[in-house]
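File shown: run.txt. Contents: compact mmCIF, C-alpha atoms.
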# COMPACT_ATOMS: atom_id res chain seq x y z
CA VAL A 1 -0.58 -0.19 -8.37
CA MET A 2 -1.60 -0.55 -12.00
CA GLU A 3 2.05 0.02 -12.99
CA LEU A 4 3.09 -2.74 -10.58
CA ARG A 5 0.69 -5.07 -12.35
CA ARG A 6 3.16 -5.18 -15.25
CA LEU A 7 5.58 -6.89 -12.90
CA ILE A 8 3.33 -8.79 -10.49
CA ASP A 9 -0.08 -10.08 -11.48
CA TYR A 10 -3.00 -9.84 -9.08
CA SER A 11 -6.72 -10.50 -9.01
CA ARG A 12 -7.34 -7.99 -6.26
CA ALA A 13 -5.24 -5.14 -4.86
CA SER A 14 -6.22 -3.18 -1.77
CA LEU A 15 -5.00 -0.53 0.64
CA LEU A 16 -6.15 -1.03 4.21
CA LEU A 17 -5.96 2.01 6.45
CA TYR A 18 -5.02 1.34 10.07
CA ARG A 19 -7.17 3.39 12.47
CA GLU A 20 -5.32 3.55 15.74
CA GLN A 21 -8.16 4.84 17.92
CA GLN A 22 -10.58 2.14 16.75
CA ASP A 23 -7.76 -0.40 16.45
CA ASP A 24 -9.18 -1.75 13.21
CA LEU A 25 -8.57 -1.67 9.47
CA LEU A 26 -10.58 0.15 6.81
CA ILE A 27 -10.53 -0.79 3.13
CA TYR A 28 -9.40 2.58 1.84
CA ALA A 29 -8.83 1.73 -1.85
CA LEU A 30 -9.57 -1.31 -3.98
CA ASP A 31 -8.73 -2.46 -7.51
CA THR A 32 -10.45 -5.62 -8.69
CA GLU A 33 -12.86 -6.88 -11.32
CA MET A 34 -14.06 -9.65 -9.02
CA ARG A 35 -17.37 -9.53 -7.21
CA THR A 36 -16.69 -8.98 -3.55
CA ARG A 37 -18.47 -8.58 -0.25
CA MET A 38 -15.52 -6.50 0.97
CA PRO A 39 -15.62 -3.29 -1.10
CA ARG A 40 -14.11 0.07 -0.24
CA GLY A 41 -15.30 1.33 3.14
CA VAL A 42 -15.65 -2.06 4.84
CA ARG A 43 -14.01 -2.36 8.24
CA ALA A 44 -11.93 -5.37 9.23
CA PRO A 45 -10.78 -6.44 12.71
CA MET A 46 -7.14 -6.79 13.60
CA ALA A 47 -7.46 -10.20 15.25
CA GLY A 48 -7.73 -13.21 13.01
CA THR A 49 -6.46 -11.47 9.85
CA SER A 50 -3.07 -11.51 8.16
CA ALA A 51 -3.38 -7.74 7.66
CA GLY A 52 -3.76 -7.30 11.42
CA TRP A 53 -0.67 -9.45 11.98
CA VAL A 54 1.28 -7.29 9.50
CA VAL A 55 0.32 -4.11 11.37
CA ARG A 56 1.10 -5.56 14.79
CA ASN A 57 4.50 -6.90 13.73
CA ASN A 58 5.41 -4.34 11.04
CA ARG A 59 6.51 -7.23 8.83
CA PRO A 60 5.24 -8.53 5.47
CA TRP A 61 3.28 -11.76 5.17
CA ILE A 62 2.85 -14.23 2.30
CA SER A 63 -0.03 -16.70 2.29
CA HIS A 64 0.85 -19.36 -0.27
CA ASP A 65 -2.51 -21.08 0.07
CA LEU A 66 -5.48 -19.71 2.01
CA GLN A 67 -6.78 -23.25 2.48
CA GLN A 68 -3.99 -23.59 5.04
CA THR A 69 -3.97 -20.07 6.48
CA PRO A 70 -3.54 -19.62 10.25
CA PHE A 71 -5.83 -16.56 10.08
CA PRO A 72 -9.48 -17.66 10.22
CA LEU A 73 -10.99 -14.40 8.94
CA ASP A 74 -8.86 -14.55 5.78
CA ARG A 75 -11.14 -17.39 4.71
CA LYS A 76 -13.62 -14.74 3.56
CA LEU A 77 -11.22 -14.15 0.68
CA LEU A 78 -11.03 -17.88 0.09
CA ASP A 79 -14.84 -17.96 -0.25
CA GLU A 80 -14.53 -15.37 -3.03
CA GLY A 81 -11.98 -17.41 -4.93
CA ILE A 82 -8.72 -15.91 -3.64
CA ARG A 83 -6.07 -18.56 -3.00
CA SER A 84 -2.83 -16.67 -2.23
CA THR A 85 -1.97 -13.24 -0.85
CA ILE A 86 0.98 -10.99 -0.10
CA SER A 87 0.71 -8.16 2.45
CA ILE A 88 3.17 -5.29 2.99
CA PRO A 89 3.13 -2.89 5.96
CA LEU A 90 2.81 0.79 5.11
CA SER A 91 4.56 3.09 7.56
CA HIS A 92 5.99 6.60 7.40
CA ASP A 93 6.96 7.81 10.88
CA ARG A 94 3.89 5.85 12.05
CA MET A 95 1.93 2.79 11.04
CA LEU A 96 -0.50 3.75 8.27
CA GLY A 97 -1.89 0.46 7.04
CA VAL A 98 -1.36 -2.52 4.76
CA PHE A 99 -0.91 -2.97 1.02
CA ASN A 100 -2.27 -6.27 -0.32
CA PHE A 101 -2.03 -8.22 -3.56
CA ASP A 102 -4.40 -11.20 -3.85
CA SER A 103 -4.50 -13.91 -6.53
CA THR A 104 -6.85 -16.70 -7.48
CA VAL A 105 -3.76 -18.86 -8.15
CA PRO A 106 -2.30 -20.76 -5.17
CA GLY A 107 1.42 -20.17 -4.53
CA ARG A 108 1.39 -17.08 -6.74
CA TYR A 109 3.65 -14.91 -4.56
CA SER A 110 7.26 -15.46 -3.50
CA GLU A 111 10.21 -13.68 -1.91
CA ARG A 112 11.04 -12.25 -5.36
CA ASP A 113 7.68 -10.46 -5.43
CA LEU A 114 8.34 -9.24 -1.91
CA ALA A 115 11.67 -7.72 -3.00
CA LEU A 116 9.83 -5.79 -5.74
CA LEU A 117 6.99 -4.61 -3.54
CA LEU A 118 8.93 -3.39 -0.50
CA PRO A 119 10.52 -0.35 -2.23
CA ALA A 120 7.17 0.50 -3.87
CA ALA A 121 5.48 0.33 -0.48
CA LYS A 122 7.57 3.27 0.74
CA HIS A 123 6.17 5.49 -2.04
CA ILE A 124 2.65 4.18 -1.46
CA ALA A 125 2.95 4.99 2.25
CA ILE A 126 3.89 8.61 1.50
CA ALA A 127 1.00 8.92 -0.95
CA LEU A 128 -1.39 7.39 1.57
CA GLU A 129 -0.26 9.75 4.32
CA ASN A 130 -0.69 12.76 2.02
CA ALA A 131 -4.18 11.58 1.05
CA THR A 132 -5.29 11.05 4.66
CA LEU A 133 -3.85 14.44 5.72
CA PHE A 134 -5.74 16.11 2.87
CA GLU A 135 -8.96 14.45 4.00
CA GLU A 136 -8.33 15.55 7.59
CA ILE A 137 -7.69 19.15 6.56
CA SER A 138 -10.80 19.15 4.37
CA ARG A 139 -12.89 17.81 7.26
CA GLU A 140 -11.50 20.41 9.69
CA LYS A 141 -12.13 23.16 7.11
CA LYS A 142 -15.79 22.14 6.82
CA GLU A 143 -16.14 22.05 10.62
CA TRP A 144 -14.62 25.54 10.86
CA GLU A 145 -16.97 26.84 8.15
CA ARG A 146 -20.01 25.43 9.95
CA THR A 147 -18.92 27.07 13.21
CA PHE A 148 -18.19 30.37 11.44
CA ASP A 149 -21.62 30.39 9.77
CA ALA A 150 -23.39 29.49 13.03
CA ILE A 151 -22.33 32.79 14.65
CA THR A 152 -25.36 35.10 14.69
CA ASP A 153 -23.29 38.31 14.83
CA LEU A 154 -22.08 39.82 11.54
CA VAL A 155 -18.53 38.54 11.10
CA TRP A 156 -16.05 39.02 8.29
CA ILE A 157 -12.33 38.61 7.64
CA GLU A 158 -10.27 41.15 5.71
CA ASP A 159 -6.84 41.02 4.09
CA ASP A 160 -4.12 43.67 4.49
CA ARG A 161 -5.73 45.77 1.72
CA ARG A 162 -9.01 45.96 3.65
CA ARG A 163 -10.77 43.67 1.18
CA VAL A 164 -13.23 41.07 2.40
CA VAL A 165 -11.83 37.53 2.31
CA ARG A 166 -14.73 35.71 3.94
CA ALA A 167 -18.03 36.59 5.56
CA ASN A 168 -20.33 34.48 7.69
CA LEU A 169 -23.88 33.59 6.74
CA ALA A 170 -25.46 36.26 8.96
CA LEU A 171 -23.46 38.98 7.23
CA LEU A 172 -24.20 37.67 3.74
CA ARG A 173 -27.92 37.76 4.51
CA ALA A 174 -27.71 41.27 5.95
CA ALA A 175 -25.73 42.51 2.95
CA GLY A 176 -27.93 40.68 0.45
CA LEU A 177 -24.92 39.19 -1.32
CA ALA A 178 -23.60 35.73 -2.12
CA ALA A 179 -20.15 34.74 -0.84
CA ASP A 180 -18.52 35.04 -4.28
CA GLU A 181 -20.12 38.47 -4.79
CA LEU A 182 -18.75 39.82 -1.52
CA ALA A 183 -15.25 38.36 -1.73
CA GLY A 184 -12.68 40.96 -2.75
CA ARG A 185 -14.87 44.00 -2.09
CA PRO A 186 -13.49 46.75 0.18
CA CYS A 187 -14.83 46.89 3.71
CA THR A 188 -16.11 50.45 3.11
CA GLU A 189 -18.47 49.10 0.45
CA LEU A 190 -19.60 46.38 2.82
CA LEU A 191 -20.39 48.94 5.53
CA GLU A 192 -22.39 51.01 3.04
CA ARG A 193 -24.49 47.97 2.10
CA LEU A 194 -25.23 47.49 5.79
CA GLY A 195 -26.37 51.12 6.13
CA LEU A 196 -23.23 52.03 8.05
CA GLY A 197 -21.51 54.14 5.39
CA ALA A 198 -20.69 56.94 7.82
CA THR A 199 -18.79 54.57 10.07
CA ARG A 200 -15.00 54.61 9.84
CA CYS A 201 -13.49 51.14 9.64
CA LEU A 202 -11.35 50.12 12.60
CA CYS A 203 -8.92 48.05 10.51
CA ASP A 204 -6.21 50.69 10.23
CA GLU A 205 -6.39 51.46 13.94
CA THR A 206 -6.14 47.78 14.82
CA ARG A 207 -3.20 47.15 12.51
CA ALA A 208 -1.30 50.29 13.51
CA GLY A 209 -1.59 49.56 17.22
CA ARG A 210 -1.50 45.75 16.82
CA ARG A 211 -4.24 45.45 19.41
CA PRO A 212 -8.02 45.13 19.42
CA ALA A 213 -10.10 48.24 18.71
CA SER A 214 -13.81 48.70 19.39
CA ARG A 215 -16.45 51.35 19.04
CA GLU A 216 -20.18 51.72 19.62
CA PHE A 217 -22.24 53.62 17.04
CA THR A 218 -25.76 54.14 15.76
CA GLY A 219 -26.67 52.87 12.31
CA ALA A 220 -28.85 54.59 9.72
CA SER A 221 -31.88 52.63 10.96
CA GLY A 222 -31.31 53.76 14.56
CA GLY A 223 -29.88 50.44 15.79
CA ILE A 224 -26.99 50.41 18.24
CA TYR A 225 -23.95 48.45 17.12
CA GLN A 226 -20.78 47.27 18.78
CA PHE A 227 -17.99 47.22 16.18
Mind turning this structure into structure tokens?
Amino acid sequence: VMELRRLIDYSRASLLLYREQQDDLLIYALDTEMRTRMPRGVRAPMAGTSAGWVVRNNRPWISHDLQQTPFPLDRKLLDEGIRSTISIPLSHDRMLGVFNFDSTVPGRYSERDLALLLPAAKHIAIALENATLFEEISREKKEWERTFDAITDLVWIEDDRRRVVRANLALLRAAGLAADELAGRPCTELLERLGLGATRCLCDETRAGRRPASREFTGASGGIYQF
């Protein structure tokens, strides 16, 4: 967007993320030096906004003067000093959101600006989709980690060399190790720290037969374990 500023001036640039389930718009990114009551994270309705019209119709929109806009909620920008806007739909296999340039100068944007922004919008849409996918994966990863750590049994994951990749919180506490201290250690060492050094690991049996393996045994402290 800052590179585009060399070609098209703006007072405010924003990316609005379309959230299909809520059917609203979220200010996902913002570049402005103006004081605003609509910073990043503010939600905007679809109805009554030019951005909502752009999403619904998958077409760009130019407001030459917000004093004559047909969208009543766009007047919030007018109250902050914005006079003209240009909005481009962002889509890549699906509707992602809207890319906006706003100016304090009335009549600032024209069809020429639109011709420059449309090709750029394709690249912005791909970047936006990648960013939202990354956030989704990060959120799912955290949810998986919380679930994994909530299991009260001792659980760990090994790689094909029988080295610990990840252990849950219950196992870390039982072994008296931090996650980074346990990662990469062989499972035989882990079993020894748990007082189960005489127990043969079931990994080879599981991999060779490609099916679950289980065994019951007594630990050094006399406890009965299901492995």
task = Pick out the closest residue to Ser63 (chain A) from this set: A:Glu111, A:Asp159, A:Asp204, A:Asp180. Count all atoms listed in the file.
result =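 Nearest to Ser63 (chain A): A:Glu111.
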Work out where the centre of an axis-aligned box around every listed atom of region 92-100 of chain A lies and how long its edges are once 8 Å is added on each side; give both in Å to one decimal as JSON.
{"center_x": 2.3, "center_y": 0.8, "center_z": 5.9, "size_x": 25.2, "size_y": 30.1, "size_z": 28.4}
request  = Can you work out which one of A:Phe227, A:Tyr10, A:Tyr28, A:Phe71 has the shortest atom-to-atom distance to Leu154 (chain A), counting all atoms listed in the file?
outcome  = A:Phe227
ask   = Out of A:Glu135, A:Trp156, A:Ala115, A:Arg12, which residue has the shortest atom-to-atom distance to Arg35 (chain A) when counting only C-alpha atoms?
value =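 Closest candidate: A:Arg12.
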inquiry  = Calculated over all atoms listed in the file, which of the candidates A:Arg75, A:His64, A:Arg94, A:Arg193 has the smallest distance to Ser110 (chain A)?
reply    =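 Ranking A:Arg75, A:His64, A:Arg94, A:Arg193 by distance to Ser110 (chain A), first place goes to A:His64.
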inquiry  = From the options A:Glu3, A:Asp93, A:Asp113, A:Asp149, which residue's atoms come nearest to Leu172 (chain A), counting all atoms listed in the file?
reply    = A:Asp149
inquiry  = Please compute the CA of Ile82 (chain A)-CA of Val105 (chain A) distance, one decimal, in Å.
reply    =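 If I compute the distance from CA of Ile82 (chain A) to CA of Val105 (chain A), I get 7.3 Å.
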ask   = If we count all atoms listed in the file, what is near region 44-58 of chain A at a cut-off of 8 Å, once residues fewer than 4 positions away on the same chain are taken out, given as JSON, numbers by chain?
value = {"A": [18, 23, 24, 25, 26, 27, 71, 72, 73, 74, 87, 88, 89, 95, 97, 98]}
Write out the residues from the selection above, keeping C-alpha atoms, as a short mmCIF file (atom, residue, chain, number, x, y, z; two decimals), in the coordinates of the input.
data_model
loop_
_atom_site.label_atom_id
_atom_site.label_comp_id
_atom_site.auth_asym_id
_atom_site.auth_seq_id
_atom_site.Cartn_x
_atom_site.Cartn_y
_atom_site.Cartn_z
CA TYR A 18 -5.02 1.34 10.07
CA ASP A 23 -7.76 -0.40 16.45
CA ASP A 24 -9.18 -1.75 13.21
CA LEU A 25 -8.57 -1.67 9.47
CA LEU A 26 -10.58 0.15 6.81
CA ILE A 27 -10.53 -0.79 3.13
CA PHE A 71 -5.83 -16.56 10.08
CA PRO A 72 -9.48 -17.66 10.22
CA LEU A 73 -10.99 -14.40 8.94
CA ASP A 74 -8.86 -14.55 5.78
CA SER A 87 0.71 -8.16 2.45
CA ILE A 88 3.17 -5.29 2.99
CA PRO A 89 3.13 -2.89 5.96
CA MET A 95 1.93 2.79 11.04
CA GLY A 97 -1.89 0.46 7.04
CA VAL A 98 -1.36 -2.52 4.76
#
inquiry  = Just checking: using all atoms listed in the file, which residue out of A:Asp9, A:Val1, A:Arg37, A:Ala29 ends up closest to His123 (chain A)?
reply    =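 Of the candidates, the smallest distance to His123 (chain A) is held by A:Val1.
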inquiry  = What does the structure give for the distance between CA of Phe134 (chain A) and CA of Glu33 (chain A), in Å to one decimal?
reply    =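 A separation of 27.9 Å between them.
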request  = Please identify all polymer residues within 12 Å of Arg173 (chain A), counting all atoms listed in the file, omitting same-chain residues fewer than 5 positions from it, and present them as a ChimeraX atom specification.
outcome  = /A:149,152-155,167-168,178-179,182,193-194
inquiry  = Could you check which residues have any atom within 9 Å of (-10.6, -20.1, -3.8), counting only C-alpha atoms with coordinates taken straight from the file, and then list them as a list in words?
reply    = Leu66, Gln67, Arg75, Leu77, Leu78, Asp79, Glu80, Gly81, Ile82, Arg83, Ser84, Thr104, Val105 and Pro106 of chain A
request  = Would you mind reading off the distance between CA of Leu15 (chain A) and CA of Ser103 (chain A), one decimal, in Å?
outcome  = 15.2 Å
